[in-house]
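With compact mmCIF, C-alpha atoms inside, this is structure20.txt:
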```
# COMPACT_ATOMS: atom_id res chain seq x y z
CA MET A 1 72.03 106.48 105.55
CA ILE A 2 75.17 108.16 106.85
CA ASP A 3 74.92 105.96 109.89
CA GLN A 4 74.45 102.80 107.84
CA SER A 5 75.14 99.66 109.85
CA VAL A 6 77.97 97.19 109.35
CA GLY A 7 75.39 94.46 108.71
CA ASP A 8 74.07 96.30 105.64
CA VAL A 9 77.46 96.64 103.98
CA MET A 10 79.43 93.56 105.05
CA THR A 11 80.09 90.46 102.96
CA ARG A 12 77.97 87.65 104.36
CA SER A 13 80.06 84.69 103.30
CA THR A 14 83.22 83.98 105.25
CA ARG A 15 85.77 81.25 104.61
CA THR A 16 87.29 79.42 107.54
CA VAL A 17 90.14 76.94 107.93
CA THR A 18 91.50 74.86 110.79
CA PRO A 19 94.90 75.74 112.36
CA ASP A 20 96.77 72.85 110.71
CA VAL A 21 96.10 73.98 107.09
CA THR A 22 99.29 75.03 105.27
CA ALA A 23 100.18 78.50 103.95
CA CYS A 24 100.13 77.12 100.43
CA ASP A 25 96.62 75.68 100.79
CA VAL A 26 95.34 78.97 102.19
CA ALA A 27 96.95 80.79 99.25
CA GLY A 28 94.97 78.43 97.01
CA LEU A 29 91.72 79.27 98.81
CA LEU A 30 92.36 83.03 98.62
CA ALA A 31 93.20 82.80 94.92
CA GLU A 32 90.24 80.55 94.07
CA HIS A 33 87.64 82.65 95.84
CA ARG A 34 89.34 86.01 95.16
CA ILE A 35 89.31 86.94 98.83
CA GLY A 36 91.95 88.60 101.01
CA SER A 37 91.71 86.57 104.19
CA VAL A 38 90.37 83.49 105.92
CA LEU A 39 89.43 83.06 109.55
CA VAL A 40 91.06 80.26 111.53
CA VAL A 41 88.61 78.36 113.72
CA ASP A 42 89.09 75.94 116.58
CA PRO A 43 88.19 72.52 115.10
CA GLU A 44 86.33 71.51 118.26
CA THR A 45 84.37 74.62 119.18
CA ASP A 46 84.23 76.16 115.68
CA MET A 47 85.04 79.52 117.32
CA PRO A 48 87.35 81.96 115.47
CA ILE A 49 90.83 81.93 117.02
CA GLY A 50 92.74 83.88 114.39
CA ILE A 51 92.89 85.41 110.92
CA VAL A 52 95.31 84.87 108.03
CA THR A 53 95.54 87.56 105.35
CA GLU A 54 97.34 87.87 102.03
CA SER A 55 99.91 90.04 103.82
CA ASP A 56 100.63 87.31 106.37
CA ILE A 57 101.30 84.81 103.60
CA MET A 58 103.37 87.43 101.77
CA ARG A 59 105.63 87.65 104.80
CA GLN A 60 106.04 83.85 104.83
CA VAL A 61 107.02 83.97 101.16
CA ALA A 62 109.42 86.86 101.85
CA THR A 63 111.20 84.97 104.61
CA ARG A 64 111.42 81.94 102.31
CA ALA A 65 109.48 79.75 104.73
CA ASP A 66 108.48 76.34 103.38
CA ILE A 67 104.95 77.41 102.49
CA GLY A 68 104.01 73.87 101.50
CA THR A 69 104.34 72.68 105.10
CA VAL A 70 104.12 75.68 107.43
CA PRO A 71 100.71 75.59 109.23
CA VAL A 72 98.66 78.77 109.54
CA GLU A 73 98.59 78.54 113.34
CA SER A 74 102.31 79.37 113.37
CA PHE A 75 101.83 82.77 111.73
CA MET A 76 98.14 83.76 112.00
CA SER A 77 97.13 86.91 113.88
CA SER A 78 95.44 85.69 117.03
CA ASP A 79 94.50 89.11 118.42
CA LEU A 80 91.20 89.18 116.58
CA ILE A 81 89.56 92.59 116.34
CA THR A 82 85.88 92.11 115.59
CA ILE A 83 82.77 94.27 115.29
CA SER A 84 79.04 93.64 115.68
CA SER A 85 76.63 94.03 112.79
CA ASP A 86 74.65 96.85 114.40
CA GLU A 87 77.67 99.17 114.71
CA CYS A 88 77.75 102.05 112.23
CA ILE A 89 80.18 101.90 109.32
CA HIS A 90 82.04 105.01 110.48
CA ALA A 91 82.93 103.32 113.75
CA ALA A 92 84.19 100.37 111.70
CA ALA A 93 86.28 102.67 109.51
CA ALA A 94 87.77 104.35 112.59
CA LEU A 95 88.64 100.93 114.06
CA MET A 96 90.37 99.88 110.82
CA LYS A 97 92.39 103.08 110.82
CA GLU A 98 93.34 102.75 114.49
CA PHE A 99 94.64 99.20 114.11
CA SER A 100 95.90 99.51 110.51
CA ILE A 101 93.74 96.61 109.35
CA ARG A 102 91.65 96.11 106.22
CA ARG A 103 89.18 93.51 107.46
CA LEU A 104 86.87 93.13 110.44
CA PRO A 105 85.16 89.81 111.21
CA VAL A 106 81.54 90.58 112.10
CA MET A 107 80.28 88.72 115.16
CA ASP A 108 76.87 88.81 116.82
CA ASP A 109 76.35 87.03 120.15
CA GLY A 110 79.62 85.15 119.75
CA GLU A 111 78.71 83.89 116.29
CA LEU A 112 80.60 84.76 113.10
CA ILE A 113 78.13 86.19 110.59
CA GLY A 114 80.26 88.02 108.03
CA MET A 115 83.33 90.07 107.16
CA LEU A 116 83.65 93.80 106.56
CA THR A 117 86.52 94.95 104.31
CA THR A 118 87.87 98.28 103.07
CA SER A 119 86.49 97.27 99.66
CA ASP A 120 82.95 96.94 101.10
CA LEU A 121 83.25 100.45 102.55
CA THR A 122 84.75 101.90 99.37
CA HIS A 123 81.96 100.46 97.23
CA TYR A 124 79.55 102.22 99.50
CA LEU A 125 81.07 105.72 99.09
CA PRO A 126 79.26 106.75 95.87
CA ARG A 127 75.91 105.90 97.48
CA ILE A 128 76.74 108.06 100.50
CA ARG A 129 77.52 110.97 98.20
CA ASN A 130 74.29 110.65 96.22
CA THR A 131 72.24 110.59 99.40
CA ILE A 132 74.01 113.65 100.76
CA LEU A 133 73.44 115.62 97.57
CA ARG A 134 69.77 114.63 97.50
CA GLU A 135 69.39 115.61 101.14
CA ARG A 136 71.03 118.98 100.48
CA ASN A 137 68.66 119.64 97.60
CA GLU A 138 65.67 118.80 99.77
CA LEU A 139 66.87 121.08 102.56
CA ALA A 140 67.63 123.87 100.10
CA GLY A 141 64.45 123.39 98.14
CA MET B 1 84.47 118.13 101.44
CA ILE B 2 82.14 115.49 99.99
CA ASP B 3 83.84 116.05 96.67
CA GLN B 4 87.32 115.77 98.11
CA SER B 5 89.95 115.16 95.45
CA VAL B 6 92.02 112.03 94.96
CA GLY B 7 95.17 114.11 95.49
CA ASP B 8 94.10 115.01 99.04
CA VAL B 9 93.55 111.42 100.14
CA MET B 10 96.08 109.35 98.16
CA THR B 11 99.36 107.97 99.49
CA ARG B 12 102.18 109.99 97.94
CA SER B 13 104.94 107.40 98.04
CA THR B 14 104.82 104.61 95.47
CA ARG B 15 107.22 101.71 95.11
CA THR B 16 108.28 100.58 91.67
CA VAL B 17 110.20 97.59 90.33
CA THR B 18 111.55 96.58 86.92
CA PRO B 19 109.92 93.69 85.00
CA ASP B 20 112.74 91.22 85.73
CA VAL B 21 112.37 91.30 89.52
CA THR B 22 111.20 87.96 90.96
CA ALA B 23 107.91 87.24 92.75
CA CYS B 24 109.87 86.42 95.89
CA ASP B 25 111.72 89.73 95.88
CA VAL B 26 108.46 91.63 95.37
CA ALA B 27 106.95 89.70 98.29
CA GLY B 28 109.93 90.92 100.33
CA LEU B 29 109.27 94.54 99.32
CA LEU B 30 105.55 94.31 100.12
CA ALA B 31 106.28 92.74 103.51
CA GLU B 32 109.07 95.19 104.38
CA HIS B 33 107.09 98.32 103.53
CA ARG B 34 103.69 96.91 104.58
CA ILE B 35 102.13 97.76 101.22
CA GLY B 36 99.78 95.80 98.99
CA SER B 37 101.24 96.43 95.54
CA VAL B 38 104.16 97.74 93.50
CA LEU B 39 104.09 99.31 90.08
CA VAL B 40 106.22 97.78 87.34
CA VAL B 41 108.08 100.39 85.26
CA ASP B 42 109.89 100.21 81.95
CA PRO B 43 113.60 100.39 82.87
CA GLU B 44 114.32 102.72 79.94
CA THR B 45 111.42 105.15 80.01
CA ASP B 46 110.54 104.77 83.72
CA MET B 47 106.88 104.69 82.64
CA PRO B 48 104.47 102.36 84.50
CA ILE B 49 103.71 99.27 82.41
CA GLY B 50 101.96 97.11 85.00
CA ILE B 51 101.06 96.47 88.61
CA VAL B 52 101.69 93.49 90.89
CA THR B 53 99.51 93.04 93.96
CA GLU B 54 99.51 90.68 96.92
CA SER B 55 96.71 88.77 95.18
CA ASP B 56 98.85 88.26 92.06
CA ILE B 57 101.66 86.77 94.14
CA MET B 58 99.11 84.70 96.05
CA ARG B 59 98.04 83.11 92.78
CA GLN B 60 101.66 82.28 91.94
CA VAL B 61 102.03 80.63 95.34
CA ALA B 62 98.74 78.76 94.85
CA THR B 63 99.85 77.33 91.50
CA ARG B 64 103.17 76.31 93.08
CA ALA B 65 105.18 78.45 90.65
CA ASP B 66 108.89 78.77 91.47
CA ILE B 67 108.52 82.15 93.14
CA GLY B 68 112.28 82.48 93.56
CA THR B 69 112.77 82.74 89.80
CA VAL B 70 109.45 83.75 88.15
CA PRO B 71 109.75 87.41 87.00
CA VAL B 72 106.90 89.83 87.68
CA GLU B 73 106.49 90.61 83.97
CA SER B 74 105.13 87.09 83.47
CA PHE B 75 102.16 87.60 85.79
CA MET B 76 101.71 91.37 86.37
CA SER B 77 98.46 93.10 85.32
CA SER B 78 99.37 95.22 82.33
CA ASP B 79 95.92 96.78 81.83
CA LEU B 80 96.66 99.64 84.20
CA ILE B 81 93.62 101.58 85.36
CA THR B 82 94.76 104.97 86.62
CA ILE B 83 93.16 108.19 87.85
CA SER B 84 94.27 111.82 87.98
CA SER B 85 94.74 113.65 91.27
CA ASP B 86 91.99 116.21 90.60
CA GLU B 87 89.23 113.58 90.23
CA CYS B 88 86.83 113.35 93.18
CA ILE B 89 87.12 110.40 95.54
CA HIS B 90 83.63 109.16 94.69
CA ALA B 91 84.60 108.73 91.06
CA ALA B 92 87.63 106.77 92.25
CA ALA B 93 85.44 104.57 94.46
CA ALA B 94 83.07 103.92 91.56
CA LEU B 95 86.01 102.95 89.33
CA MET B 96 87.34 100.54 91.95
CA LYS B 97 83.94 98.92 92.24
CA GLU B 98 83.48 98.67 88.46
CA PHE B 99 86.82 96.94 87.91
CA SER B 100 86.94 95.04 91.24
CA ILE B 101 90.28 96.60 92.18
CA ARG B 102 91.61 97.94 95.46
CA ARG B 103 94.29 100.31 94.18
CA LEU B 104 94.50 103.10 91.62
CA PRO B 105 97.85 104.55 90.53
CA VAL B 106 97.47 108.35 90.42
CA MET B 107 98.96 109.95 87.31
CA ASP B 108 99.09 113.61 86.31
CA ASP B 109 100.35 114.56 82.84
CA GLY B 110 101.78 111.09 82.29
CA GLU B 111 103.71 111.14 85.56
CA LEU B 112 103.11 108.79 88.47
CA ILE B 113 102.52 110.86 91.62
CA GLY B 114 100.85 108.50 94.07
CA MET B 115 98.56 105.58 94.80
CA LEU B 116 94.97 105.56 96.04
CA THR B 117 93.82 102.47 97.95
CA THR B 118 90.59 101.28 99.55
CA SER B 119 92.36 101.85 102.90
CA ASP B 120 92.95 105.54 102.04
CA LEU B 121 89.24 105.92 101.27
CA THR B 122 88.15 104.00 104.37
CA HIS B 123 90.33 106.15 106.63
CA TYR B 124 88.57 109.14 105.19
CA LEU B 125 85.02 107.96 106.01
CA PRO B 126 84.83 109.22 109.61
CA ARG B 127 85.85 112.71 108.44
CA ILE B 128 83.13 112.72 105.79
CA ARG B 129 80.57 111.85 108.45
CA ASN B 130 81.68 114.58 110.84
CA THR B 131 81.49 117.17 108.07
CA ILE B 132 78.01 116.04 107.07
CA LEU B 133 76.72 116.20 110.62
CA ARG B 134 78.22 119.67 111.10
CA GLU B 135 76.70 120.83 107.83
CA ARG B 136 73.30 119.48 108.85
CA ASN B 137 73.47 121.32 112.14
CA GLU B 138 74.34 124.56 110.36
CA LEU B 139 71.47 124.16 107.90
CA ALA B 140 69.08 123.27 110.71
CA GLY B 141 70.09 126.41 112.33
```
For this file, produce the structure as structure tokens.
Amino acid sequence: MIDQSVGDVMTRSTRTVTPDVTACDVAGLLAEHRIGSVLVVDPETDMPIGIVTESDIMRQVATRADIGTVPVESFMSSDLITISSDECIHAAAALMKEFSIRRLPVMDDGELIGMLTTSDLTHYLPRIRNTILRERNELAG
Amino acid sequence: MIDQSVGDVMTRSTRTVTPDVTACDVAGLLAEHRIGSVLVVDPETDMPIGIVTESDIMRQVATRADIGTVPVESFMSSDLITISSDECIHAAAALMKEFSIRRLPVMDDGELIGMLTTSDLTHYLPRIRNTILRERNELAG
């Protein structure tokens, strides 16, 4: 339970866009689906080539870029840090801390299967605590 | 350690703005300080009256509002859900899950003293695990 895997906690649905989509259209997607990021995929291979987060769009707004025309490929993060679904959630948390990121695309055998966010991990905390307390009682009892 | 308090894990610095500040200027603040939200305070009492997050600004962008002029008071969340610094982090996590929020302003005796985010809790996960494993070893003997 403490070493729960990423696959058990991640969000299975992931939204993707192609590199030519505008900042404004991505903002619409994020708002509509109440999500914090979309992955950018190569339109030919369908492989992830970048990620665009709320913070990235925020920076475009802050610099007064023309968000109605600026394509995501011009400001996406292309150094994708990913994790596999069989990794444990503590390794994922350590990775997020190390790189100051809030989201990890989950990839198995080169295929995108989900997204792990700080919210997914936070929602899991109360369950960890309950298990620990139960375990302590069993050991003590 | 499992029942670590909010005060031990929260971020102590919080940014505040007055209700008349524009969406674009808040976007600038969020981008500059690499934070996800600012609290909106009453200019006379300095008391928090709302919160504006990246997602709120995202929705303004998505609806093609004039972000250079729209004031935060017109779209901030004014139902502030707060927590006190002596609550345990698992209660905070449960609250975040219940209300689908990623940030909790931390208030003691009516005074704003920090902010707790899903990132703060995530960064804490590896430490929880190490403590649990150590404790198990001690109990095992």
Requested in this report: Can you pull out every residue within 8 Å of stretch 109-113 of chain B, counting only C-alpha atoms, but drop anything in the same chain fewer than 4 positions away, and send it as a count of residues only?
Outcome: 6
Least-squares fit on all C-alpha atoms, paired in order: put chain A onto chain B and return it as a PDB file with C-alpha atoms, keeping the file's coordinate frame.
```pdb
ATOM      1  CA  MET A   1      84.478 118.124 101.403  1.00  0.00           C
ATOM      2  CA  ILE A   2      82.162 115.506  99.936  1.00  0.00           C
ATOM      3  CA  ASP A   3      83.832 116.091  96.617  1.00  0.00           C
ATOM      4  CA  GLN A   4      87.326 115.795  98.071  1.00  0.00           C
ATOM      5  CA  SER A   5      89.947 115.158  95.407  1.00  0.00           C
ATOM      6  CA  VAL A   6      92.025 112.024  94.934  1.00  0.00           C
ATOM      7  CA  GLY A   7      95.172 114.106  95.466  1.00  0.00           C
ATOM      8  CA  ASP A   8      94.088 115.004  99.012  1.00  0.00           C
ATOM      9  CA  VAL A   9      93.539 111.417 100.105  1.00  0.00           C
ATOM     10  CA  MET A  10      96.073 109.357  98.143  1.00  0.00           C
ATOM     11  CA  THR A  11      99.350 107.959  99.455  1.00  0.00           C
ATOM     12  CA  ARG A  12     102.164 109.979  97.922  1.00  0.00           C
ATOM     13  CA  SER A  13     104.922 107.402  98.022  1.00  0.00           C
ATOM     14  CA  THR A  14     104.823 104.621  95.463  1.00  0.00           C
ATOM     15  CA  ARG A  15     107.219 101.704  95.123  1.00  0.00           C
ATOM     16  CA  THR A  16     108.287 100.584  91.681  1.00  0.00           C
ATOM     17  CA  VAL A  17     110.222  97.602  90.342  1.00  0.00           C
ATOM     18  CA  THR A  18     111.569  96.597  86.947  1.00  0.00           C
ATOM     19  CA  PRO A  19     109.950  93.688  85.020  1.00  0.00           C
ATOM     20  CA  ASP A  20     112.771  91.219  85.741  1.00  0.00           C
ATOM     21  CA  VAL A  21     112.376  91.297  89.571  1.00  0.00           C
ATOM     22  CA  THR A  22     111.191  87.954  90.989  1.00  0.00           C
ATOM     23  CA  ALA A  23     107.900  87.223  92.781  1.00  0.00           C
ATOM     24  CA  CYS A  24     109.845  86.433  95.926  1.00  0.00           C
ATOM     25  CA  ASP A  25     111.702  89.761  95.898  1.00  0.00           C
ATOM     26  CA  VAL A  26     108.447  91.651  95.396  1.00  0.00           C
ATOM     27  CA  ALA A  27     106.932  89.717  98.313  1.00  0.00           C
ATOM     28  CA  GLY A  28     109.899  90.946 100.361  1.00  0.00           C
ATOM     29  CA  LEU A  29     109.253  94.557  99.336  1.00  0.00           C
ATOM     30  CA  LEU A  30     105.526  94.321 100.134  1.00  0.00           C
ATOM     31  CA  ALA A  31     106.249  92.759 103.523  1.00  0.00           C
ATOM     32  CA  GLU A  32     109.019  95.224 104.415  1.00  0.00           C
ATOM     33  CA  HIS A  33     107.055  98.338 103.550  1.00  0.00           C
ATOM     34  CA  ARG A  34     103.645  96.929 104.564  1.00  0.00           C
ATOM     35  CA  ILE A  35     102.126  97.775 101.201  1.00  0.00           C
ATOM     36  CA  GLY A  36      99.754  95.813  98.965  1.00  0.00           C
ATOM     37  CA  SER A  37     101.234  96.434  95.542  1.00  0.00           C
ATOM     38  CA  VAL A  38     104.141  97.728  93.505  1.00  0.00           C
ATOM     39  CA  LEU A  39     104.088  99.300  90.074  1.00  0.00           C
ATOM     40  CA  VAL A  40     106.245  97.779  87.345  1.00  0.00           C
ATOM     41  CA  VAL A  41     108.088 100.377  85.280  1.00  0.00           C
ATOM     42  CA  ASP A  42     109.896 100.191  81.969  1.00  0.00           C
ATOM     43  CA  PRO A  43     113.610 100.394  82.894  1.00  0.00           C
ATOM     44  CA  GLU A  44     114.336 102.706  79.962  1.00  0.00           C
ATOM     45  CA  THR A  45     111.436 105.146  80.005  1.00  0.00           C
ATOM     46  CA  ASP A  46     110.544 104.777  83.707  1.00  0.00           C
ATOM     47  CA  MET A  47     106.874 104.685  82.631  1.00  0.00           C
ATOM     48  CA  PRO A  48     104.469 102.351  84.495  1.00  0.00           C
ATOM     49  CA  ILE A  49     103.728  99.257  82.399  1.00  0.00           C
ATOM     50  CA  GLY A  50     101.990  97.105  84.991  1.00  0.00           C
ATOM     51  CA  ILE A  51     101.060  96.459  88.613  1.00  0.00           C
ATOM     52  CA  VAL A  52     101.718  93.479  90.891  1.00  0.00           C
ATOM     53  CA  THR A  53      99.513  93.039  93.959  1.00  0.00           C
ATOM     54  CA  GLU A  54      99.505  90.676  96.922  1.00  0.00           C
ATOM     55  CA  SER A  55      96.712  88.764  95.172  1.00  0.00           C
ATOM     56  CA  ASP A  56      98.839  88.248  92.060  1.00  0.00           C
ATOM     57  CA  ILE A  57     101.644  86.776  94.142  1.00  0.00           C
ATOM     58  CA  MET A  58      99.095  84.700  96.063  1.00  0.00           C
ATOM     59  CA  ARG A  59      98.040  83.110  92.792  1.00  0.00           C
ATOM     60  CA  GLN A  60     101.679  82.287  91.963  1.00  0.00           C
ATOM     61  CA  VAL A  61     102.036  80.634  95.366  1.00  0.00           C
ATOM     62  CA  ALA A  62      98.751  78.755  94.846  1.00  0.00           C
ATOM     63  CA  THR A  63      99.869  77.342  91.513  1.00  0.00           C
ATOM     64  CA  ARG A  64     103.177  76.340  93.116  1.00  0.00           C
ATOM     65  CA  ALA A  65     105.189  78.452  90.686  1.00  0.00           C
ATOM     66  CA  ASP A  66     108.887  78.780  91.505  1.00  0.00           C
ATOM     67  CA  ILE A  67     108.510  82.168  93.171  1.00  0.00           C
ATOM     68  CA  GLY A  68     112.265  82.492  93.607  1.00  0.00           C
ATOM     69  CA  THR A  69     112.771  82.735  89.843  1.00  0.00           C
ATOM     70  CA  VAL A  70     109.487  83.740  88.205  1.00  0.00           C
ATOM     71  CA  PRO A  71     109.772  87.402  87.028  1.00  0.00           C
ATOM     72  CA  VAL A  72     106.920  89.819  87.689  1.00  0.00           C
ATOM     73  CA  GLU A  73     106.515  90.598  83.984  1.00  0.00           C
ATOM     74  CA  SER A  74     105.156  87.073  83.482  1.00  0.00           C
ATOM     75  CA  PHE A  75     102.188  87.606  85.802  1.00  0.00           C
ATOM     76  CA  MET A  76     101.718  91.366  86.359  1.00  0.00           C
ATOM     77  CA  SER A  77      98.479  93.071  85.320  1.00  0.00           C
ATOM     78  CA  SER A  78      99.386  95.191  82.328  1.00  0.00           C
ATOM     79  CA  ASP A  79      95.956  96.763  81.802  1.00  0.00           C
ATOM     80  CA  LEU A  80      96.680  99.629  84.156  1.00  0.00           C
ATOM     81  CA  ILE A  81      93.637 101.566  85.322  1.00  0.00           C
ATOM     82  CA  THR A  82      94.769 104.952  86.581  1.00  0.00           C
ATOM     83  CA  ILE A  83      93.170 108.169  87.815  1.00  0.00           C
ATOM     84  CA  SER A  84      94.264 111.808  87.951  1.00  0.00           C
ATOM     85  CA  SER A  85      94.723 113.640  91.230  1.00  0.00           C
ATOM     86  CA  ASP A  86      91.993 116.200  90.553  1.00  0.00           C
ATOM     87  CA  GLU A  87      89.237 113.579  90.185  1.00  0.00           C
ATOM     88  CA  CYS A  88      86.835 113.346  93.122  1.00  0.00           C
ATOM     89  CA  ILE A  89      87.115 110.396  95.493  1.00  0.00           C
ATOM     90  CA  HIS A  90      83.616 109.160  94.653  1.00  0.00           C
ATOM     91  CA  ALA A  91      84.583 108.736  91.016  1.00  0.00           C
ATOM     92  CA  ALA A  92      87.619 106.777  92.216  1.00  0.00           C
ATOM     93  CA  ALA A  93      85.439 104.576  94.419  1.00  0.00           C
ATOM     94  CA  ALA A  94      83.065 103.911  91.512  1.00  0.00           C
ATOM     95  CA  LEU A  95      86.025 102.962  89.286  1.00  0.00           C
ATOM     96  CA  MET A  96      87.340 100.529  91.921  1.00  0.00           C
ATOM     97  CA  LYS A  97      83.925  98.922  92.193  1.00  0.00           C
ATOM     98  CA  GLU A  98      83.490  98.671  88.421  1.00  0.00           C
ATOM     99  CA  PHE A  99      86.824  96.929  87.884  1.00  0.00           C
ATOM    100  CA  SER A 100      86.943  95.038  91.209  1.00  0.00           C
ATOM    101  CA  ILE A 101      90.281  96.591  92.140  1.00  0.00           C
ATOM    102  CA  ARG A 102      91.601  97.964  95.424  1.00  0.00           C
ATOM    103  CA  ARG A 103      94.289 100.318  94.146  1.00  0.00           C
ATOM    104  CA  LEU A 104      94.496 103.104  91.586  1.00  0.00           C
ATOM    105  CA  PRO A 105      97.854 104.545  90.494  1.00  0.00           C
ATOM    106  CA  VAL A 106      97.483 108.332  90.398  1.00  0.00           C
ATOM    107  CA  MET A 107      98.966 109.943  87.297  1.00  0.00           C
ATOM    108  CA  ASP A 108      99.099 113.599  86.290  1.00  0.00           C
ATOM    109  CA  ASP A 109     100.350 114.550  82.818  1.00  0.00           C
ATOM    110  CA  GLY A 110     101.771 111.074  82.287  1.00  0.00           C
ATOM    111  CA  GLU A 111     103.715 111.147  85.543  1.00  0.00           C
ATOM    112  CA  LEU A 112     103.126 108.785  88.472  1.00  0.00           C
ATOM    113  CA  ILE A 113     102.516 110.866  91.593  1.00  0.00           C
ATOM    114  CA  GLY A 114     100.851 108.501  94.057  1.00  0.00           C
ATOM    115  CA  MET A 115      98.549 105.572  94.770  1.00  0.00           C
ATOM    116  CA  LEU A 116      94.967 105.565  96.012  1.00  0.00           C
ATOM    117  CA  THR A 117      93.804 102.461  97.920  1.00  0.00           C
ATOM    118  CA  THR A 118      90.569 101.281  99.529  1.00  0.00           C
ATOM    119  CA  SER A 119      92.329 101.851 102.865  1.00  0.00           C
ATOM    120  CA  ASP A 120      92.927 105.542 102.012  1.00  0.00           C
ATOM    121  CA  LEU A 121      89.218 105.928 101.235  1.00  0.00           C
ATOM    122  CA  THR A 122      88.119 104.013 104.332  1.00  0.00           C
ATOM    123  CA  HIS A 123      90.291 106.154 106.598  1.00  0.00           C
ATOM    124  CA  TYR A 124      88.547 109.141 105.152  1.00  0.00           C
ATOM    125  CA  LEU A 125      84.981 107.976 105.963  1.00  0.00           C
ATOM    126  CA  PRO A 126      84.784 109.231 109.581  1.00  0.00           C
ATOM    127  CA  ARG A 127      85.832 112.712 108.431  1.00  0.00           C
ATOM    128  CA  ILE A 128      83.097 112.733 105.787  1.00  0.00           C
ATOM    129  CA  ARG A 129      80.533 111.855 108.436  1.00  0.00           C
ATOM    130  CA  ASN A 130      81.651 114.583 110.838  1.00  0.00           C
ATOM    131  CA  THR A 131      81.475 117.191 108.102  1.00  0.00           C
ATOM    132  CA  ILE A 132      78.004 116.075 107.075  1.00  0.00           C
ATOM    133  CA  LEU A 133      76.703 116.234 110.634  1.00  0.00           C
ATOM    134  CA  ARG A 134      78.218 119.685 111.135  1.00  0.00           C
ATOM    135  CA  GLU A 135      76.706 120.872 107.870  1.00  0.00           C
ATOM    136  CA  ARG A 136      73.292 119.527 108.877  1.00  0.00           C
ATOM    137  CA  ASN A 137      73.480 121.352 112.191  1.00  0.00           C
ATOM    138  CA  GLU A 138      74.371 124.592 110.440  1.00  0.00           C
ATOM    139  CA  LEU A 139      71.504 124.221 107.978  1.00  0.00           C
ATOM    140  CA  ALA A 140      69.086 123.318 110.763  1.00  0.00           C
ATOM    141  CA  GLY A 141      70.350 125.983 113.106  1.00  0.00           C
TER     142      GLY A 141
END
```
Quick one: residues within 12 Å of A:Ala92, all atoms listed in the file, excluding same-chain residues fewer than 5 positions away - as a compact mmCIF listing (two decimals) with C-alpha atoms, keeping the file's coordinate frame?
```
# COMPACT_ATOMS: atom_id res chain seq x y z
CA ASP A 3 74.92 105.96 109.89
CA GLN A 4 74.45 102.80 107.84
CA SER A 5 75.14 99.66 109.85
CA VAL A 6 77.97 97.19 109.35
CA GLY A 7 75.39 94.46 108.71
CA VAL A 9 77.46 96.64 103.98
CA MET A 10 79.43 93.56 105.05
CA ILE A 81 89.56 92.59 116.34
CA THR A 82 85.88 92.11 115.59
CA ILE A 83 82.77 94.27 115.29
CA SER A 84 79.04 93.64 115.68
CA SER A 85 76.63 94.03 112.79
CA ASP A 86 74.65 96.85 114.40
CA GLU A 87 77.67 99.17 114.71
CA LYS A 97 92.39 103.08 110.82
CA GLU A 98 93.34 102.75 114.49
CA PHE A 99 94.64 99.20 114.11
CA SER A 100 95.90 99.51 110.51
CA ILE A 101 93.74 96.61 109.35
CA ARG A 102 91.65 96.11 106.22
CA ARG A 103 89.18 93.51 107.46
CA LEU A 104 86.87 93.13 110.44
CA PRO A 105 85.16 89.81 111.21
CA VAL A 106 81.54 90.58 112.10
CA MET A 115 83.33 90.07 107.16
CA LEU A 116 83.65 93.80 106.56
CA THR A 117 86.52 94.95 104.31
CA THR A 118 87.87 98.28 103.07
CA ASP A 120 82.95 96.94 101.10
CA LEU A 121 83.25 100.45 102.55
CA THR B 122 88.15 104.00 104.37
CA HIS B 123 90.33 106.15 106.63
CA TYR B 124 88.57 109.14 105.19
CA LEU B 125 85.02 107.96 106.01
CA PRO B 126 84.83 109.22 109.61
```
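Counting all atoms listed in the file and comparing B:Val41, B:Leu95, B:Ile49, B:Ala62, the residue that lies closest to chain A is B:Ala62.
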Report task. Would you mind listing what lies within 10 Å of A:Leu29 as JSON, numbers by chain, with only C-alpha atoms counted and same-chain residues fewer than 3 positions away left out? Result -> {"A": [15, 16, 17, 23, 24, 25, 26, 32, 33, 34, 35, 36, 37, 38], "B": [58, 59, 62]}
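Nearest residue to chain A among B:Ser55, B:Thr18, B:Thr69, B:Thr45 is B:Ser55, counting all atoms listed in the file.
The space between atom CA of B:Val61 and atom CA of A:Val70 spans 13.2 Å.
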